[in-house]
file coords.txt (compact mmCIF, C-alpha atoms (C1' of nucleotides))
# COMPACT_ATOMS: atom_id res chain seq x y z
CA MET B 1 75.75 119.40 149.44
CA GLY B 2 75.21 123.11 149.17
CA SER B 3 78.81 123.63 148.24
CA SER B 4 78.22 122.88 144.58
CA ASP B 5 76.49 126.16 143.82
CA SER B 6 79.31 128.22 145.20
CA ILE B 7 82.01 126.46 143.23
CA ILE B 8 83.32 127.96 140.07
CA PRO B 9 85.05 125.34 137.97
CA GLU B 10 88.69 126.01 137.43
CA PHE B 11 88.35 126.46 133.71
CA PHE B 12 86.82 129.89 134.15
CA LYS B 13 90.01 131.28 135.57
CA GLU B 14 91.15 131.64 131.97
CA ILE B 15 88.17 133.73 130.93
CA SER B 16 87.88 137.36 131.92
CA CYS B 17 84.27 138.44 132.24
CA SER B 18 82.07 140.52 134.51
CA ALA B 19 80.51 139.28 137.74
CA LEU B 20 77.13 139.32 136.05
CA GLU B 21 78.38 137.25 133.14
CA LEU B 22 80.05 134.87 135.54
CA GLN B 23 76.81 134.39 137.41
CA CYS B 24 75.03 133.77 134.15
CA ILE B 25 77.59 131.13 133.15
CA GLN B 26 77.57 129.52 136.56
CA SER B 27 73.80 129.04 136.57
CA THR B 28 74.09 126.73 133.57
CA ILE B 29 76.64 124.40 135.09
CA ALA B 30 75.96 121.42 137.31
CA ARG B 31 78.44 119.46 139.33
CA LEU B 32 78.51 115.66 139.29
CA ASP B 33 80.47 113.29 141.48
CA LEU B 34 81.19 109.94 139.88
CA GLU B 35 82.54 106.68 141.18
CA LYS B 36 84.84 104.28 139.40
CA GLY B 37 82.76 102.09 137.15
CA ASP B 38 79.93 104.60 136.65
CA ILE B 39 78.70 104.98 133.11
CA LEU B 40 78.20 108.64 132.29
CA LEU B 41 76.87 108.10 128.79
CA SER B 42 75.66 105.03 126.90
CA GLU B 43 75.37 104.26 123.23
CA GLY B 44 71.94 105.18 121.87
CA ASN B 45 71.26 108.00 124.33
CA LYS B 46 70.74 111.59 123.25
CA VAL B 47 73.87 113.63 123.77
CA GLU B 48 72.93 117.04 125.09
CA HIS B 49 75.89 117.74 127.37
CA GLN B 50 79.59 117.94 127.47
CA TYR B 51 81.58 117.52 130.66
CA TYR B 52 84.55 119.26 132.24
CA VAL B 53 86.79 117.02 134.34
CA SER B 54 87.90 118.66 137.57
CA SER B 55 89.44 115.51 139.07
CA GLY B 56 89.53 111.77 138.39
CA CYS B 57 89.71 109.95 135.09
CA LEU B 58 87.22 108.92 132.40
CA ARG B 59 87.32 107.43 128.95
CA THR B 60 85.20 107.47 125.78
CA TYR B 61 85.06 104.14 123.97
CA PHE B 62 83.31 102.50 121.07
CA LEU B 63 81.93 98.97 121.28
CA ASP B 64 81.73 97.06 117.99
CA THR B 65 79.26 94.32 117.13
CA SER B 66 81.72 91.59 118.13
CA GLY B 67 82.14 93.11 121.58
CA LYS B 68 85.57 94.66 121.08
CA GLU B 69 86.28 98.03 122.66
CA TYR B 70 88.17 100.92 121.11
CA THR B 71 89.16 103.79 123.38
CA ILE B 72 88.91 107.13 121.63
CA GLN B 73 89.84 109.44 124.47
CA PHE B 74 91.01 109.49 128.05
CA ALA B 75 90.09 112.55 130.09
CA VAL B 76 91.89 113.71 133.20
CA LYS B 77 91.94 117.05 135.03
CA ASP B 78 91.14 120.04 132.86
CA TRP B 79 89.95 118.00 129.84
CA TRP B 80 86.51 118.09 128.30
CA ILE B 81 84.74 114.90 127.36
CA SER B 82 81.63 113.83 125.45
CA ASP B 83 80.66 111.87 122.36
CA TYR B 84 81.48 114.93 120.30
CA THR B 85 80.19 113.66 117.00
CA ALA B 86 76.79 113.18 118.58
CA PHE B 87 77.07 116.33 120.70
CA PHE B 88 77.79 118.64 117.77
CA ASN B 89 75.02 117.15 115.66
CA SER B 90 72.57 116.73 118.53
CA THR B 91 72.11 113.07 117.69
CA THR B 92 72.33 109.86 119.72
CA ALA B 93 75.61 108.50 121.04
CA ILE B 94 77.58 105.77 119.34
CA MET B 95 80.16 105.96 122.12
CA ASN B 96 80.12 105.17 125.81
CA ILE B 97 81.75 107.15 128.59
CA GLU B 98 82.96 105.35 131.68
CA CYS B 99 84.49 106.60 134.90
CA LEU B 100 87.84 104.90 135.50
CA ARG B 101 88.75 106.67 138.73
CA ASP B 102 86.45 108.56 141.12
CA ALA B 103 85.80 111.91 139.51
CA THR B 104 84.31 115.32 139.95
CA ILE B 105 82.99 116.77 136.73
CA TYR B 106 80.81 119.67 135.59
CA LYS B 107 78.17 119.27 132.94
CA VAL B 108 77.02 121.93 130.49
CA SER B 109 74.24 121.56 127.96
CA LYS B 110 74.71 122.40 124.31
CA LYS B 111 71.64 124.63 124.39
CA ASP B 112 72.95 126.70 127.28
CA MET B 113 76.37 126.80 125.67
CA ASP B 114 75.10 128.17 122.38
CA ALA B 115 73.09 130.80 124.21
CA LEU B 116 76.09 131.78 126.30
CA PHE B 117 78.27 132.12 123.22
CA ILE B 118 76.02 134.91 122.03
CA GLU B 119 76.02 136.76 125.32
CA VAL B 120 79.66 136.20 126.29
CA SER B 121 81.79 136.26 123.17
CA GLN B 122 85.04 135.54 125.04
CA LEU B 123 83.49 132.20 125.86
CA GLU B 124 83.13 131.30 122.21
CA THR B 125 86.75 132.29 121.61
CA PHE B 126 87.80 130.21 124.61
CA PHE B 127 86.03 127.12 123.30
CA ARG B 128 87.22 127.65 119.76
CA LYS B 129 90.79 127.60 121.04
CA LYS B 130 90.13 124.48 123.13
CA MET B 131 88.75 122.91 119.97
CA GLU B 132 91.86 123.86 118.04
CA GLY B 133 94.06 122.19 120.63
CA ALA B 134 91.98 119.01 120.55
CA PHE B 135 92.04 119.06 116.76
CA SER B 136 95.84 119.22 116.78
CA SER B 137 96.17 116.31 119.15
CA PHE B 138 93.79 114.21 117.06
CA GLN B 139 95.89 115.00 114.02
CA LYS B 140 98.98 113.89 115.89
CA ARG B 141 97.28 110.67 116.84
CA ILE B 142 96.28 109.96 113.24
CA LEU B 143 99.83 110.57 112.09
CA GLU B 144 101.22 108.30 114.78
CA GLY B 145 98.70 105.62 113.86
CA LEU B 146 99.94 105.77 110.28
CA SER B 147 103.65 106.01 110.91
CA LEU B 148 104.57 104.30 114.16
CA SER B 149 104.79 100.68 115.30
CA ALA B 150 102.79 99.46 118.28
CA LYS B 151 105.86 99.82 120.51
CA GLU B 152 106.55 103.36 119.36
CA ARG B 153 102.93 104.34 119.89
CA TYR B 154 103.06 102.98 123.42
CA ILE B 155 106.19 104.96 124.20
CA SER B 156 104.58 108.09 122.80
CA PHE B 157 101.45 107.40 124.84
CA ILE B 158 103.18 107.10 128.20
CA SER B 159 105.10 110.30 127.60
CA ALA B 160 101.89 112.12 126.66
CA TYR B 161 100.01 110.75 129.70
CA PRO B 162 102.82 110.31 132.23
CA ASN B 163 100.85 109.22 135.29
CA ILE B 164 97.80 107.71 133.73
CA GLU B 165 98.88 104.12 134.26
CA GLN B 166 97.88 104.49 137.90
CA SER B 167 94.29 105.19 136.87
CA VAL B 168 93.66 102.87 133.96
CA LYS B 169 93.95 99.18 133.21
CA ASN B 170 96.38 97.85 130.63
CA TYR B 171 93.53 96.72 128.43
CA HIS B 172 92.26 100.29 128.34
CA ILE B 173 95.61 101.40 127.04
CA ALA B 174 95.72 98.52 124.56
CA SER B 175 92.31 99.48 123.21
CA TYR B 176 93.54 103.07 122.83
CA LEU B 177 96.64 101.99 120.94
CA GLY B 178 94.74 99.56 118.73
CA ILE B 179 96.52 96.43 119.92
CA THR B 180 95.63 93.42 122.09
CA THR B 181 96.42 93.14 125.79
CA GLU B 182 98.83 90.31 124.97
CA SER B 183 100.81 92.49 122.59
CA LEU B 184 100.92 95.33 125.09
CA SER B 185 102.17 92.94 127.74
CA ARG B 186 105.01 91.80 125.47
CA ILE B 187 105.89 95.39 124.59
CA ARG B 188 106.04 96.37 128.24
CA LYS B 189 108.27 93.40 129.00
CA GLU B 190 110.60 94.29 126.17
CA ILE B 191 110.91 97.89 127.36
CA THR B 192 111.57 97.15 131.05
CA GLN B 193 114.25 94.60 130.11
CA LYS B 194 116.38 97.36 128.62
CA MET M 1 93.37 139.57 86.35
CA GLY M 2 91.12 142.17 87.93
CA SER M 3 88.45 139.60 88.50
CA SER M 4 89.95 138.43 91.75
CA ASP M 5 88.97 141.47 93.77
CA SER M 6 85.32 141.21 92.73
CA ILE M 7 84.99 137.56 93.64
CA ILE M 8 83.46 136.57 96.92
CA PRO M 9 84.42 133.03 97.77
CA GLU M 10 81.46 130.71 97.98
CA PHE M 11 81.88 130.04 101.65
CA PHE M 12 80.49 133.44 102.53
CA LYS M 13 77.09 132.51 101.22
CA GLU M 14 76.55 130.79 104.55
CA ILE M 15 77.32 133.88 106.61
CA SER M 16 74.83 136.70 106.89
CA CYS M 17 76.52 140.03 107.45
CA SER M 18 76.32 143.64 106.32
CA ALA M 19 77.82 145.00 103.10
CA LEU M 20 80.39 146.83 105.17
CA GLU M 21 81.38 143.72 107.06
CA LEU M 22 81.56 141.81 103.79
CA GLN M 23 83.91 144.39 102.34
CA CYS M 24 86.03 144.18 105.46
CA ILE M 25 86.25 140.41 105.17
CA GLN M 26 86.92 140.52 101.48
CA SER M 27 89.89 142.84 101.83
CA THR M 28 91.72 140.21 103.86
CA ILE M 29 91.36 137.43 101.33
CA ALA M 30 93.65 136.75 98.39
CA ARG M 31 92.99 134.43 95.50
CA LEU M 32 95.64 131.94 94.33
CA ASP M 33 95.62 129.78 91.22
CA LEU M 34 97.70 126.63 91.55
CA GLU M 35 98.86 124.02 89.08
CA LYS M 36 99.18 120.31 89.65
CA GLY M 37 102.51 119.66 91.34
CA ASP M 38 102.78 123.07 93.02
CA ILE M 39 103.87 123.02 96.63
CA LEU M 40 101.75 125.42 98.66
CA LEU M 41 103.54 124.87 101.92
CA SER M 42 106.80 123.16 102.88
CA GLU M 43 108.05 121.67 106.12
CA GLY M 44 109.98 124.22 108.14
CA ASN M 45 108.14 127.30 106.86
CA LYS M 46 106.15 129.59 109.09
CA VAL M 47 102.45 128.87 108.83
CA GLU M 48 100.53 132.12 108.85
CA HIS M 49 97.66 131.22 106.53
CA GLN M 50 94.91 128.79 105.97
CA TYR M 51 93.38 128.17 102.56
CA TYR M 52 89.86 127.71 101.23
CA VAL M 53 89.58 125.39 98.21
CA SER M 54 87.21 126.70 95.57
CA SER M 55 88.14 124.11 92.94
CA GLY M 56 90.81 121.46 92.34
CA CYS M 57 92.40 119.09 94.82
CA LEU M 58 95.25 119.31 97.36
CA ARG M 59 96.70 117.16 100.10
CA THR M 60 98.58 117.64 103.37
CA TYR M 61 101.26 115.04 104.00
CA PHE M 62 104.04 114.29 106.42
CA LEU M 63 107.44 113.08 105.30
CA ASP M 64 109.36 110.94 107.78
CA THR M 65 113.13 110.65 108.06
CA SER M 66 113.20 107.52 105.90
CA GLY M 67 111.37 109.33 103.10
CA LYS M 68 107.96 107.73 103.56
CA GLU M 69 104.88 109.89 103.05
CA TYR M 70 101.74 109.90 105.20
CA THR M 71 98.72 111.75 103.85
CA ILE M 72 96.80 113.49 106.61
CA GLN M 73 94.12 115.22 104.58
CA PHE M 74 92.78 115.59 101.07
CA ALA M 75 90.99 118.85 100.29
CA VAL M 76 88.50 119.34 97.48
CA LYS M 77 85.88 122.02 96.85
CA ASP M 78 84.63 123.76 99.97
CA TRP M 79 87.29 122.32 102.27
CA TRP M 80 89.85 124.29 104.25
CA ILE M 81 93.45 123.21 104.37
CA SER M 82 96.65 124.09 106.24
CA ASP M 83 99.13 122.53 108.63
CA TYR M 84 96.70 123.21 111.44
CA THR M 85 98.94 122.24 114.30
CA ALA M 86 101.44 124.85 113.13
CA PHE M 87 98.73 127.33 112.12
CA PHE M 88 97.02 127.34 115.52
CA ASN M 89 100.29 127.65 117.39
CA SER M 90 101.91 130.05 114.91
CA THR M 91 104.91 127.77 114.59
CA THR M 92 106.73 126.22 111.63
CA ALA M 93 105.21 123.50 109.49
CA ILE M 94 105.98 119.82 109.93
CA MET M 95 103.67 119.04 107.02
CA ASN M 96 103.75 119.76 103.31
CA ILE M 97 100.83 120.79 101.13
CA GLU M 98 100.82 119.80 97.48
CA CYS M 99 98.42 120.58 94.64
CA LEU M 100 97.20 117.34 93.07
CA ARG M 101 94.87 118.89 90.50
CA ASP M 102 94.84 122.47 89.18
CA ALA M 103 93.15 124.51 91.87
CA THR M 104 91.73 127.89 92.77
CA ILE M 105 92.08 128.68 96.43
CA TYR M 106 91.72 131.67 98.75
CA LYS M 107 94.22 132.42 101.45
CA VAL M 108 93.47 134.10 104.77
CA SER M 109 96.03 134.97 107.42
CA LYS M 110 95.62 134.02 111.06
CA LYS M 111 96.19 137.61 112.11
CA ASP M 112 93.41 138.94 109.89
CA MET M 113 91.18 136.08 110.96
CA ASP M 114 91.57 136.78 114.67
CA ALA M 115 90.86 140.45 114.07
CA LEU M 116 87.79 139.64 112.02
CA PHE M 117 86.45 137.34 114.70
CA ILE M 118 86.22 140.31 117.03
CA GLU M 119 84.46 142.52 114.51
CA VAL M 120 82.19 139.93 112.94
CA SER M 121 81.08 137.47 115.58
CA GLN M 122 79.07 135.32 113.14
CA LEU M 123 82.39 134.55 111.51
CA GLU M 124 83.77 133.07 114.68
CA THR M 125 80.64 130.96 115.06
CA PHE M 126 80.97 129.86 111.45
CA PHE M 127 84.53 128.72 111.93
CA ARG M 128 83.84 127.11 115.23
CA LYS M 129 81.19 124.98 113.54
CA LYS M 130 83.55 124.12 110.67
CA MET M 131 86.05 123.07 113.30
CA GLU M 132 83.49 120.88 114.98
CA GLY M 133 82.78 119.10 111.71
CA ALA M 134 86.46 118.53 111.05
CA PHE M 135 86.91 117.29 114.59
CA SER M 136 84.13 114.74 114.09
CA SER M 137 85.62 113.43 110.88
CA PHE M 138 89.05 113.09 112.49
CA GLN M 139 87.45 111.13 115.29
CA LYS M 140 85.77 108.88 112.77
CA ARG M 141 89.10 108.31 111.06
CA ILE M 142 90.81 107.39 114.34
CA LEU M 143 88.05 104.93 115.13
CA GLU M 144 88.28 103.37 111.67
CA GLY M 145 92.05 103.14 111.99
CA LEU M 146 91.58 101.20 115.22
CA SER M 147 88.71 98.96 114.21
CA LEU M 148 88.81 98.29 110.47
CA SER M 149 91.01 96.18 108.20
CA ALA M 150 92.86 97.76 105.28
CA LYS M 151 90.17 96.60 102.88
CA GLU M 152 87.36 98.01 105.00
CA ARG M 153 89.16 101.33 105.35
CA TYR M 154 89.56 101.53 101.59
CA ILE M 155 85.86 100.88 101.03
CA SER M 156 84.99 103.54 103.59
CA PHE M 157 87.39 105.94 101.92
CA ILE M 158 85.94 105.64 98.42
CA SER M 159 82.44 106.14 99.72
CA ALA M 160 83.52 109.22 101.68
CA TYR M 161 85.40 110.66 98.66
CA PRO M 162 83.39 109.24 95.73
CA ASN M 163 85.12 110.91 92.79
CA ILE M 164 88.52 111.57 94.22
CA GLU M 165 90.22 108.71 92.39
CA GLN M 166 90.16 110.84 89.25
CA SER M 167 92.32 113.45 90.95
CA VAL M 168 94.79 111.47 93.01
CA LYS M 169 97.27 108.68 92.48
CA ASN M 170 96.86 105.31 94.12
CA TYR M 171 99.94 105.84 96.22
CA HIS M 172 98.34 108.98 97.65
CA ILE M 173 95.39 106.91 98.75
CA ALA M 174 97.66 104.19 100.13
CA SER M 175 99.56 106.77 102.19
CA TYR M 176 96.24 108.06 103.53
CA LEU M 177 95.07 104.57 104.50
CA GLY M 178 98.38 103.65 106.08
CA ILE M 179 99.17 100.78 103.70
CA THR M 180 101.64 100.17 100.85
CA THR M 181 100.80 100.65 97.16
CA GLU M 182 101.19 96.90 96.68
CA SER M 183 98.59 96.14 99.33
CA LEU M 184 96.21 98.69 97.86
CA SER M 185 96.66 97.15 94.45
CA ARG M 186 95.75 93.72 95.79
CA ILE M 187 92.73 95.09 97.63
CA ARG M 188 91.46 96.83 94.50
CA LYS M 189 91.87 93.63 92.51
CA GLU M 190 89.98 91.65 95.11
CA ILE M 191 87.09 94.10 95.09
CA THR M 192 86.69 94.39 91.31
CA GLN M 193 86.72 90.61 90.97
CA LYS M 194 83.49 90.39 92.95
C1' DC R 1 110.18 106.11 69.95
C1' DG R 2 112.08 105.66 74.48
C1' DC R 3 112.24 107.06 79.09
C1' DG R 4 110.37 107.70 83.62
C1' DA R 5 106.53 107.33 86.61
C1' DC R 6 102.95 104.42 88.10
C1' DG R 7 100.62 100.08 88.92
C1' DT R 8 100.59 95.01 89.27
C1' DT R 9 102.04 90.42 90.54
C1' DG R 10 104.74 86.88 92.98
C1' DA R 11 107.75 85.03 96.79
C1' DT R 12 109.10 85.69 101.28
C1' DT R 13 109.20 87.83 105.85
C1' DT R 14 107.37 89.90 109.91
C1' DG R 15 104.56 92.27 113.37
C1' DC R 16 100.74 91.55 115.60
C1' DC R 17 96.57 88.55 116.45
C1' DT R 18 94.29 84.38 118.13
C1' DC R 19 93.76 80.78 121.15
C1' DA R 20 95.01 78.48 125.26
C1' DA R 21 97.01 77.99 129.70
C1' DC R 22 98.76 79.76 133.58
C1' DG R 23 100.35 83.44 137.46
C1' DA R 24 99.20 87.64 139.99
C1' DT R 25 96.25 90.83 142.02
C1' DT R 26 92.02 92.53 143.76
C1' DG R 27 87.80 92.31 146.00
C1' DT R 28 84.30 89.99 148.80
C1' DG R 29 81.72 87.12 151.98
C1' DG R 30 82.08 83.89 155.76
C1' DC F 1 91.50 88.13 158.54
C1' DC F 2 91.69 84.50 155.66
C1' DA F 3 89.72 81.79 151.66
C1' DC F 4 88.23 81.90 147.46
C1' DA F 5 86.61 83.71 143.14
C1' DA F 6 86.83 86.90 139.70
C1' DT F 7 89.44 89.96 137.16
C1' DC F 8 93.61 91.18 135.15
C1' DG F 9 98.23 90.38 133.27
C1' DT F 10 101.73 87.19 131.32
C1' DT F 11 103.66 83.59 128.47
C1' DG F 12 103.82 80.28 124.64
C1' DA F 13 102.52 78.16 120.06
C1' DG F 14 100.67 78.82 115.77
C1' DG F 15 98.38 81.69 112.12
C1' DC F 16 97.32 85.56 109.21
C1' DA F 17 97.22 90.24 107.21
C1' DA F 18 100.06 93.31 105.42
C1' DA F 19 105.08 94.65 104.62
C1' DT F 20 109.19 93.95 102.04
C1' DC F 21 111.86 92.89 98.12
C1' DA F 22 112.11 92.07 93.34
C1' DA F 23 110.52 91.81 88.70
C1' DC F 24 107.65 92.94 85.21
C1' DG F 25 103.50 95.41 82.56
C1' DT F 26 101.50 99.86 81.23
C1' DC F 27 100.67 104.47 80.50
C1' DG F 28 101.78 109.34 79.42
C1' DC F 29 104.86 112.52 77.64
C1' DG F 30 109.25 114.99 75.89
call {"tool": "encode", "arguments": {"input": "coords.txt", "output": "structure tokens"}}
result
Amino acid sequence: MGSSDSIIPEFFKEISCSALELQCIQSTIARLDLEKGDILLSEGNKVEHQYYVSSGCLRTYFLDTSGKEYTIQFAVKDWWISDYTAFFNSTTAIMNIECLRDATIYKVSKKDMDALFIEVSQLETFFRKKMEGAFSSFQKRILEGLSLSAKERYISFISAYPNIEQSVKNYHIASYLGITTESLSRIRKEITQK
Amino acid sequence: MGSSDSIIPEFFKEISCSALELQCIQSTIARLDLEKGDILLSEGNKVEHQYYVSSGCLRTYFLDTSGKEYTIQFAVKDWWISDYTAFFNSTTAIMNIECLRDATIYKVSKKDMDALFIEVSQLETFFRKKMEGAFSSFQKRILEGLSLSAKERYISFISAYPNIEQSVKNYHIASYLGITTESLSRIRKEITQK
DNA sequence: CGCGACGTTGATTTGCCTCAACGATTGTGG
DNA sequence: CCACAATCGTTGAGGCAAATCAACGTCGCG
């Protein structure tokens, strides 16, 4: 589909730069269309890209030796996703990324990104601010993990991701909250009964 | 003490910039000497600064309505500290910052910082990379909170902060790990008995 | 010394997990 | 389009890790 090279991902609407700069940025970005169930990244692979979600839903999760899953992040429209620990350090992934609902995403390599930051300084500012926002929400999640009960965390979760329950399974949510599917089921029951 | 204006905080050793740029940076930085027990920042205050720790030890903590404390971050030499959610959004603090061991720190305002980023682009890169590192360690902490038992989290903590137990109380550590002082006491006993 | 802050220990409770069985929903091939 | 299987969600019984509540050592400091 020739359409991909004429598309400018929505995230650039926030950056003001020249047509030349835009063209330069655009040449480093590739579109990907994913289907539910696709694995975008697997544990052990080199992590050279991060991904912008234009539509659909994905998640990053960690798989421990006993086979349990822990969801680190959900990504819906306008979020970025990767195994960031590996991405920043250019090492191999310890996380997996899975498509939960058919998605259109854009991938950008770290190498291209670093080069672009030098040429287009607004881009570095843009990503620094994105980073700051993500940092804040991680901090909030740590605090909630320390201070709230499972039920309170669930309530906080559904208000932070209002429509996500249409895209993800309950056991995805449970693995994000750090509880079992059985506990989540009981919490949901308790809430709807009131 | 006139020494403060001739001191260049250690963190600048990593940034290569001209003498003029250095002078420009330096003029925006103020040194503070804190004593154990000092409160650097209180809930409700405007957060206009972040702080570089040159020596000593501080912590950021949240106080809930029932009076319980949750430690979000410890900061020792070469760490940055603030209520970052409030700092990034230029709002009022929900956290408190307390000096746990006599400290020398350097404060930088957000306004000065943003201005400097435009003039000295290496500085923005430097802070973006710092941010990335902090982001990774927050992610690690979230994962550990989801996947590890209290005992395992404690073991991970003391290996990540090897000498911090000299500077902080056990109940600070407990409030960082999300457990009670009693539980921490029992865990410590269990470990030393082996 | 004596007081207050900190840490430890014990008894009991509780929130969530584990294990097991059973509905409900989704997807697939005949 | 239905039949059936697989996946997912719910419910119950029992167990365990960590919390709570209470009491008692211990240390540092005015």
call {"tool": "residues_around", "arguments": {"input": "coords.txt", "residues": "DC3 in chain R", "least_positions_apart": "2", "cutoff": "12 Å", "atoms": "all atoms listed in the file", "output": "PyMOL selection string"}}
result
(chain R and resi 1+5) or (chain F and resi 27-30)
call {"tool": "write_last_selection", "arguments": {"input": "coords.txt", "atoms": "C-alpha atoms (C1' of nucleotides)", "output": "PDB file, in the coordinates of the input"}}
result
ATOM      1  C1'  DC R   1     110.180 106.110  69.950  1.00  0.00           C
ATOM      2  C1'  DA R   5     106.530 107.330  86.610  1.00  0.00           C
TER       3       DA R   5
ATOM      4  C1'  DC F  27     100.670 104.470  80.500  1.00  0.00           C
ATOM      5  C1'  DG F  28     101.780 109.340  79.420  1.00  0.00           C
ATOM      6  C1'  DC F  29     104.860 112.520  77.640  1.00  0.00           C
ATOM      7  C1'  DG F  30     109.250 114.990  75.890  1.00  0.00           C
TER       8       DG F  30
END
call {"tool": "atom_distance", "arguments": {"input": "coords.txt", "atom1": "CA of Lys129 in chain B", "atom2": "CA of Phe88 in chain M"}}
result
8.3 Å
call {"tool": "residues_around", "arguments": {"input": "coords.txt", "residues": "range 25-38 of chain M", "least_positions_apart": "4", "cutoff": "8 Å", "atoms": "all atoms listed in the file", "output": "list in words"}}
result
Ser4, Ile8, Glu21, Glu98, Cys99, Leu100, Arg101, Asp102, Ala103, Thr104, Ile105, Tyr106, Lys107, Val108, Ser109, Asp112 and Leu116 of chain M
call {"tool": "closest_atom_pairs", "arguments": {"input": "coords.txt", "of": "chain M", "to": "chain B", "cutoff": "6 Å", "atoms": "all atoms listed in the file", "output": "Markdown table"}}
result
| residue | atom | partner | partner_atom | distance |
| --- | --- | --- | --- | --- |
| M:Thr85 | CA | B:Ser136 | CA | 5.0 |
| M:Arg128 | CA | B:Arg128 | CA | 5.7 |
| M:Phe135 | CA | B:Phe135 | CA | 5.8 |
| M:Ser136 | CA | B:Thr85 | CA | 5.0 |
| M:Leu146 | CA | B:Gly178 | CA | 5.0 |
| M:Gly178 | CA | B:Leu146 | CA | 5.0 |
call {"tool": "residues_around", "arguments": {"input": "coords.txt", "residues": "range 12-17 of chain R", "least_positions_apart": "4", "cutoff": "10 Å", "atoms": "only C-alpha atoms (C1' of nucleotides)", "output": "PDB file with C-alpha atoms (C1' of nucleotides), in the frame of the given file"}}
result
ATOM      1  CA  SER B 149     104.790 100.680 115.300  1.00  0.00           C
ATOM      2  CA  ALA B 150     102.790  99.460 118.280  1.00  0.00           C
ATOM      3  CA  ILE B 179      96.520  96.430 119.920  1.00  0.00           C
ATOM      4  CA  THR B 180      95.630  93.420 122.090  1.00  0.00           C
ATOM      5  CA  GLU B 182      98.830  90.310 124.970  1.00  0.00           C
ATOM      6  CA  SER B 183     100.810  92.490 122.590  1.00  0.00           C
TER       7      SER B 183
ATOM      8  C1'  DG F  15      98.380  81.690 112.120  1.00  0.00           C
ATOM      9  C1'  DC F  16      97.320  85.560 109.210  1.00  0.00           C
ATOM     10  C1'  DA F  17      97.220  90.240 107.210  1.00  0.00           C
ATOM     11  C1'  DA F  18     100.060  93.310 105.420  1.00  0.00           C
ATOM     12  C1'  DA F  19     105.080  94.650 104.620  1.00  0.00           C
ATOM     13  C1'  DT F  20     109.190  93.950 102.040  1.00  0.00           C
ATOM     14  C1'  DC F  21     111.860  92.890  98.120  1.00  0.00           C
TER      15       DC F  21
END
call {"tool": "interface_residues", "arguments": {"input": "coords.txt", "of": "chain M", "to": "chain R", "cutoff": "12 Å", "atoms": "only C-alpha atoms (C1' of nucleotides)", "output": "ChimeraX atom specification"}}
result
/M:168-172,180-189
call {"tool": "atom_distance", "arguments": {"input": "coords.txt", "atom1": "CA of Gln193 in chain M", "atom2": "C1' of DA23 in chain F"}}
result
23.9 Å
call {"tool": "atom_distance", "arguments": {"input": "coords.txt", "atom1": "CA of Val76 in chain M", "atom2": "CA of Ser55 in chain M"}}
result
6.6 Å
call {"tool": "interface_residues", "arguments": {"input": "coords.txt", "of": "chain F", "to": "chain B", "cutoff": "9 Å", "atoms": "all atoms listed in the file", "output": "list in words"}}
result
DC8, DG9, DT10 and DT11 of chain F
